[in-house]
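Asker: Input: one structure, supplied below.
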Amino acid sequence: MTYLLGLRMNGRDVLVVGGGRVAQRRVPNLLEAGAKVTVIAPEVTAALEDLASSGRITWHQRGFEPGDLRDGRLGAFWLVHAATDVPEVNSAVAEEAEAARLWCVRADDRHAATAWTPATGTVGDVTVGVVANGDPRRAAGLRDAVTEGLSDGTLDARRGREPLRGVALVGGGPGDPGLITVRGSQLLSQADVVVVDRLAPTSLLDRLPADVEIVDAAKIPYGRSMKQDEINRILVERALEGRFVVRLKGGDSFLFGRGGEEAAACAAAGVPVTIVPGVTSALAGPASAGIPPTHRGVAQDLHVVSAHVAPDDPRSTVDWAGLARQNGTLVVLMGVERIGAIAASLTAHGRAADTPVAVIQDATLPTQRTVTATLGTVAQVVADSGMRPPAIIVIGEVVDAARELDILHQGPGEPRVRTDGSGSDESPEGNRIR
């Protein structure tokens with residue numbers, strides 16, 4: 001039987017004997033708990049050496065010596081980890097620790113240890129620790145099941161908690177619900193109100209308790225749309241009522257997501273704001289199609305622009321002429337319906353008409369599909385293929401690099417798309433449409 005405790009290690013000294021893989025796993029957790037860590041080992045991993053050189057741990061570059069614990073020559077420790085790959089050394093450490101009345105964790109023999117390290121996980125302000133008779137694999141599996149349930153709301157973390165306050169701006173990622181961040185998922189599971197966009201991973205809402213208020217803040221292009229001032233009002237109003245509000249968006253709130261405006265509105269009203277970055281579709285979209293936005297020897301610069309207005313629109317602040325002079329990668333969001341005007345502007349300002357282009361629709365979702373073309377042909381290719389928003393446009397030689405590497409993907413679940421011009425669906429311009 002074991003007696004579980006939550007040790008408050010802040011500022012307390014811990015000795016780790018050994019500098020291999022086990023020590024490399026244990027030390028970061030100890031540091032995160034605030035412990036002052038001393039390592040004894042003739043050699044350590046590169047990660048531990050970096051921690052020592054930066055002063056975050058103390059490293060004695062030698063083996064364990066009799067009296068290190070008994071005589072207190074290295075200081076007064078509260079906890080000891082015996083983590084070498086030599087059982088005799090671990091036994092010697094454990095014996096001295098026992099004599100000094102120190103708890104000792106043994107990596108090599110849980111039955112000879114006086115303490116076990118639980119499998120731990122943190123979800124918000126809840127820390128879960130599992131000890132399965134010292135069996136680390138079983139403990140880790142149980143830990144994962146509990147923390148996953150707390151994260152996705154299967155286990156109701158709201159009961160008995162100190163209520164969260166204010167507004168959390170959560171970037172939900174590019175579409176696939178599995179690509180929301182862990183922190184974003186945690187806060188979503190604790191929300192009292194969720195104000196959600198149409199491109200957010202809305203399937204996550206089904207996991208929430210029935211009493212959570214869902215506010216549909218969808219902005220449909222050329223259709224129904226909740227005005228930004230109304231969204232700001234709802235965020236502030238609900239938060240001032242004492243409810244915890246999550247603003248759930250697709251991608252990242254601060255990349256063409258108007259998250260800055262919402263944060264400013266909350267700040268002006270005295271509402272605390274938590275910012276949770278999201279995986280932006282500007283990077284996830286190309287990646288899901290197998291296109292590296294930067295690639296050594298091909299592209300060293302990357303430009304991300306919004307084309308919600310056409311290049312010749314007076315409201316556009318994008319320097320299309322400057323972008324045309326660049327040789328790097330250009331990722332265009334909200335531009336599929338203006339792809340012809342975009343291509344025409346770039347070629348008119350000097351970008352070669354044979355520059356490769358990829359258009360990725362529904363990136364990361366099961367419905368994802370990709371077409372490839374050139375600046376000179378992309379408008380017709382997009383029209384013929386029926387591509388529609390939401391879609392990401394990638395312009396640059398990295399599209400050809402993905403083709404040459406044979407990693408250009410049609411969508412999730414497909415190993416690759418052949419783009420070598422073979423097959424019956426080759427376009428007249430020599431660009432295979434998939």
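Chain labels A, B, ... are given in the sequence in which chains occur in the structure tokens; within each chain residues are numbered consecutively from 1, and ligands are likewise numbered from 1 in the order shown.
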Based on the backbone DSSP call, show me all residues of stretch 285-387 of chain A assigned strand (DSSP E or B), as a list of chain:residue names.

Answerer: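 So, restricting stretch 285-387 of chain A to strand (DSSP E or B), we get A:His295, A:Ala299, A:Leu302, A:His303, A:Val304, A:Val305, A:Ser306, A:Thr329, A:Leu330, A:Val331, A:Val332, A:Leu333, A:Pro356, A:Val357, A:Ala358, A:Val359, A:Ile360, A:Gln361, A:Arg369, A:Thr370, A:Val371, A:Thr372, A:Ala373, A:Thr374.
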
Asker: Taking the chain letters and numbering used in this document, name the residues of stretch 281-431 of chain A that DSSP puts in helix (DSSP H, G or I), as a ChimeraX atom specification.

Answerer: /A:281-288,320-324,336-348,378-385,398-404

Asker: Could you list, as number ranges by chain, every residue within 7 Å of stretch 71-88 of chain A, counting only C-alpha atoms and ignoring same-chain residues fewer than 2 positions away?

Answerer: A: 12-18, 22-23, 67-69, 90-93, 102-108

Asker: Export N, CA, C and O atoms of the chosen residues as a compact mmCIF listing (two decimals), in the first residue's frame?

Answerer:
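Below is the file that was written, again_7.txt:
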# COMPACT_ATOMS: atom_id res chain seq x y z
N ARG A 12 13.20 23.67 -2.64
CA ARG A 12 13.79 22.57 -1.87
C ARG A 12 14.78 21.79 -2.75
O ARG A 12 14.58 21.63 -3.94
N ASP A 13 15.83 21.27 -2.10
CA ASP A 13 16.92 20.60 -2.81
C ASP A 13 16.59 19.14 -3.07
O ASP A 13 16.11 18.42 -2.19
N VAL A 14 16.88 18.72 -4.31
CA VAL A 14 16.68 17.32 -4.72
C VAL A 14 17.96 16.84 -5.37
O VAL A 14 18.57 17.56 -6.17
N LEU A 15 18.36 15.62 -5.05
CA LEU A 15 19.55 15.02 -5.65
C LEU A 15 19.12 13.96 -6.66
O LEU A 15 18.29 13.09 -6.36
N VAL A 16 19.70 14.04 -7.86
CA VAL A 16 19.50 13.02 -8.89
C VAL A 16 20.86 12.41 -9.19
O VAL A 16 21.79 13.12 -9.59
N VAL A 17 20.99 11.12 -8.98
CA VAL A 17 22.24 10.42 -9.26
C VAL A 17 22.06 9.68 -10.58
O VAL A 17 21.24 8.76 -10.70
N GLY A 18 22.82 10.08 -11.57
CA GLY A 18 22.69 9.55 -12.92
C GLY A 18 22.37 10.67 -13.89
O GLY A 18 21.68 11.63 -13.53
N VAL A 22 16.68 8.45 -18.01
CA VAL A 22 15.74 8.54 -16.89
C VAL A 22 15.88 9.89 -16.21
O VAL A 22 14.90 10.58 -15.92
N ALA A 23 17.11 10.30 -15.96
CA ALA A 23 17.35 11.60 -15.34
C ALA A 23 16.83 12.73 -16.22
O ALA A 23 16.27 13.71 -15.73
N GLY A 67 29.12 8.75 1.45
CA GLY A 67 29.11 9.95 2.28
C GLY A 67 28.46 11.14 1.62
O GLY A 67 28.25 12.16 2.29
N ASP A 68 28.13 11.06 0.31
CA ASP A 68 27.50 12.20 -0.35
C ASP A 68 26.21 12.61 0.35
O ASP A 68 25.89 13.80 0.45
N LEU A 69 25.47 11.61 0.85
CA LEU A 69 24.23 11.91 1.57
C LEU A 69 24.45 11.89 3.08
O LEU A 69 23.93 12.74 3.80
N ASN A 90 22.86 2.31 -7.54
CA ASN A 90 21.53 2.68 -7.06
C ASN A 90 21.27 2.15 -5.66
O ASN A 90 20.65 2.81 -4.82
N SER A 91 21.75 0.95 -5.39
CA SER A 91 21.58 0.37 -4.05
C SER A 91 22.34 1.18 -3.00
O SER A 91 21.82 1.43 -1.91
N ALA A 92 23.54 1.59 -3.35
CA ALA A 92 24.33 2.39 -2.42
C ALA A 92 23.65 3.73 -2.13
O ALA A 92 23.62 4.19 -0.99
N VAL A 93 23.11 4.33 -3.16
CA VAL A 93 22.39 5.60 -2.98
C VAL A 93 21.19 5.38 -2.07
O VAL A 93 20.93 6.16 -1.14
N LEU A 102 15.75 9.89 4.13
CA LEU A 102 15.33 10.58 2.93
C LEU A 102 14.57 9.61 2.04
O LEU A 102 14.97 8.45 1.88
N TRP A 103 13.48 10.07 1.45
CA TRP A 103 12.76 9.24 0.50
C TRP A 103 13.60 9.09 -0.77
O TRP A 103 14.19 10.05 -1.25
N CYS A 104 13.65 7.86 -1.28
CA CYS A 104 14.49 7.58 -2.44
C CYS A 104 13.69 6.84 -3.52
O CYS A 104 13.07 5.81 -3.26
N VAL A 105 13.72 7.39 -4.72
CA VAL A 105 13.09 6.77 -5.88
C VAL A 105 14.16 6.02 -6.65
O VAL A 105 15.20 6.58 -7.00
N ARG A 106 13.91 4.73 -6.91
CA ARG A 106 14.86 3.93 -7.69
C ARG A 106 14.27 3.62 -9.06
O ARG A 106 13.16 3.08 -9.18
N ALA A 107 15.01 4.00 -10.09
CA ALA A 107 14.53 3.79 -11.45
C ALA A 107 14.60 2.34 -11.87
O ALA A 107 13.83 1.89 -12.72
N ASP A 108 15.53 1.58 -11.27
CA ASP A 108 15.77 0.22 -11.73
C ASP A 108 14.99 -0.84 -10.96
O ASP A 108 14.79 -1.96 -11.45

Asker: Env of A:Met334: 8 Å cut, atoms = only C-alpha atoms, seq-sep filter 2 positions within chain, self excluded. Answer as an MDAnalysis selection string.

Answerer: chainID A and resid 306:308 332 336:337 389:392

Asker: Please identify all polymer residues within 12 Å of A:Leu240, counting only C-alpha atoms, omitting same-chain residues fewer than 5 positions from it, and present them as a PyMOL selection string.

Answerer: chain A and resi 165-167+233-235+245+266-267+269-272

Asker: Output N, CA, C and O atoms for every residue in the selection just made, as a JSON list (two decimals), in the first residue's frame.

Answerer:
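Output saved as part32.json:
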[["chain", "number", "residue", "atom", "x", "y", "z"],
["A", 165, "ARG", "N", -13.00, 33.37, -14.49],
["A", 165, "ARG", "CA", -13.66, 34.62, -14.81],
["A", 165, "ARG", "C", -13.08, 35.19, -16.10],
["A", 165, "ARG", "O", -11.96, 34.87, -16.49],
["A", 166, "GLY", "N", -13.84, 36.07, -16.73],
["A", 166, "GLY", "CA", -13.34, 36.79, -17.88],
["A", 166, "GLY", "C", -13.58, 36.07, -19.18],
["A", 166, "GLY", "O", -14.50, 35.25, -19.32],
["A", 167, "VAL", "N", -12.72, 36.38, -20.16],
["A", 167, "VAL", "CA", -12.87, 35.88, -21.52],
["A", 167, "VAL", "C", -11.57, 35.21, -21.94],
["A", 167, "VAL", "O", -10.48, 35.73, -21.69],
["A", 233, "ARG", "N", -19.81, 43.13, -27.70],
["A", 233, "ARG", "CA", -20.79, 43.40, -26.65],
["A", 233, "ARG", "C", -21.15, 42.13, -25.88],
["A", 233, "ARG", "O", -21.21, 42.13, -24.64],
["A", 234, "ILE", "N", -21.35, 41.04, -26.61],
["A", 234, "ILE", "CA", -21.71, 39.77, -25.96],
["A", 234, "ILE", "C", -20.59, 39.28, -25.06],
["A", 234, "ILE", "O", -20.82, 38.83, -23.93],
["A", 235, "LEU", "N", -19.35, 39.35, -25.55],
["A", 235, "LEU", "CA", -18.22, 38.90, -24.74],
["A", 235, "LEU", "C", -18.16, 39.66, -23.41],
["A", 235, "LEU", "O", -18.03, 39.07, -22.34],
["A", 245, "VAL", "N", -16.30, 33.05, -20.33],
["A", 245, "VAL", "CA", -16.63, 33.07, -21.74],
["A", 245, "VAL", "C", -15.44, 32.61, -22.56],
["A", 245, "VAL", "O", -14.33, 33.12, -22.40],
["A", 266, "CYS", "N", -12.56, 43.99, -24.35],
["A", 266, "CYS", "CA", -12.62, 43.44, -22.99],
["A", 266, "CYS", "C", -11.78, 44.27, -22.02],
["A", 266, "CYS", "O", -12.21, 44.57, -20.90],
["A", 267, "ALA", "N", -10.58, 44.66, -22.46],
["A", 267, "ALA", "CA", -9.71, 45.45, -21.60],
["A", 267, "ALA", "C", -10.35, 46.78, -21.25],
["A", 267, "ALA", "O", -10.27, 47.25, -20.11],
["A", 269, "ALA", "N", -13.40, 47.40, -20.88],
["A", 269, "ALA", "CA", -14.49, 47.17, -19.93],
["A", 269, "ALA", "C", -14.01, 46.59, -18.62],
["A", 269, "ALA", "O", -14.83, 46.28, -17.74],
["A", 270, "GLY", "N", -12.70, 46.40, -18.48],
["A", 270, "GLY", "CA", -12.15, 45.84, -17.25],
["A", 270, "GLY", "C", -12.32, 44.35, -17.12],
["A", 270, "GLY", "O", -12.28, 43.80, -16.01],
["A", 271, "VAL", "N", -12.51, 43.66, -18.24],
["A", 271, "VAL", "CA", -12.69, 42.21, -18.24],
["A", 271, "VAL", "C", -11.34, 41.53, -18.50],
["A", 271, "VAL", "O", -10.68, 41.82, -19.50],
["A", 272, "PRO", "N", -10.90, 40.64, -17.61],
["A", 272, "PRO", "CA", -9.62, 39.94, -17.84],
["A", 272, "PRO", "C", -9.69, 39.04, -19.06],
["A", 272, "PRO", "O", -10.71, 38.40, -19.32]]

Asker: Using only C-alpha atoms, which protein or nucleic acid residues come within 7 Å of stretch 125-139 of chain A? Drop anything in the same chain fewer than 6 positions from it, and give the result as a list in words.

Answerer: Arg110, Trp116, Pro118 and Ala119 of chain A

Asker: Output N, CA, C and O atoms for every residue in that selection, as an mmCIF file, in the first residue's frame.

Answerer:
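Output (again07.cif):
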data_model
loop_
_atom_site.group_PDB
_atom_site.id
_atom_site.type_symbol
_atom_site.label_atom_id
_atom_site.label_comp_id
_atom_site.auth_asym_id
_atom_site.auth_seq_id
_atom_site.Cartn_x
_atom_site.Cartn_y
_atom_site.Cartn_z
ATOM 1 N N ARG A 110 11.590 -0.910 -8.491
ATOM 2 C CA ARG A 110 10.554 -0.218 -7.736
ATOM 3 C C ARG A 110 10.300 -0.869 -6.380
ATOM 4 O O ARG A 110 9.853 -0.209 -5.439
ATOM 5 N N TRP A 116 7.752 6.090 -4.922
ATOM 6 C CA TRP A 116 7.486 5.914 -6.352
ATOM 7 C C TRP A 116 7.103 7.263 -6.950
ATOM 8 O O TRP A 116 6.415 8.070 -6.317
ATOM 9 N N PRO A 118 4.767 9.099 -9.307
ATOM 10 C CA PRO A 118 3.508 8.816 -9.995
ATOM 11 C C PRO A 118 3.540 9.339 -11.425
ATOM 12 O O PRO A 118 4.322 10.225 -11.775
ATOM 13 N N ALA A 119 2.680 8.785 -12.242
ATOM 14 C CA ALA A 119 2.446 9.357 -13.562
ATOM 15 C C ALA A 119 1.537 10.558 -13.353
ATOM 16 O O ALA A 119 0.437 10.423 -12.819
#

Asker: Can you pull out the residues contacting A:Val357? Cut-off 12 Å, using only C-alpha atoms, and skip same-chain residues under 3 positions away; I want them as a ChimeraX atom specification.

Answerer: /A:286,291,293,329-332,336,339,342-343,352-354,360,370-379,381-382,392-403,431-433

Asker: Just how far from atom CA of A:Asp229 is atom CA of A:Ile180, in Å to one decimal?

Answerer: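 Distance between the two atoms: 26.1 Å.
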
Asker: Hey, can you check how far atom CA of A:Ala140 sits from atom CA of A:Val123?

Answerer: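 We find that atom CA of A:Ala140 and atom CA of A:Val123 lie 15.0 Å from each other.
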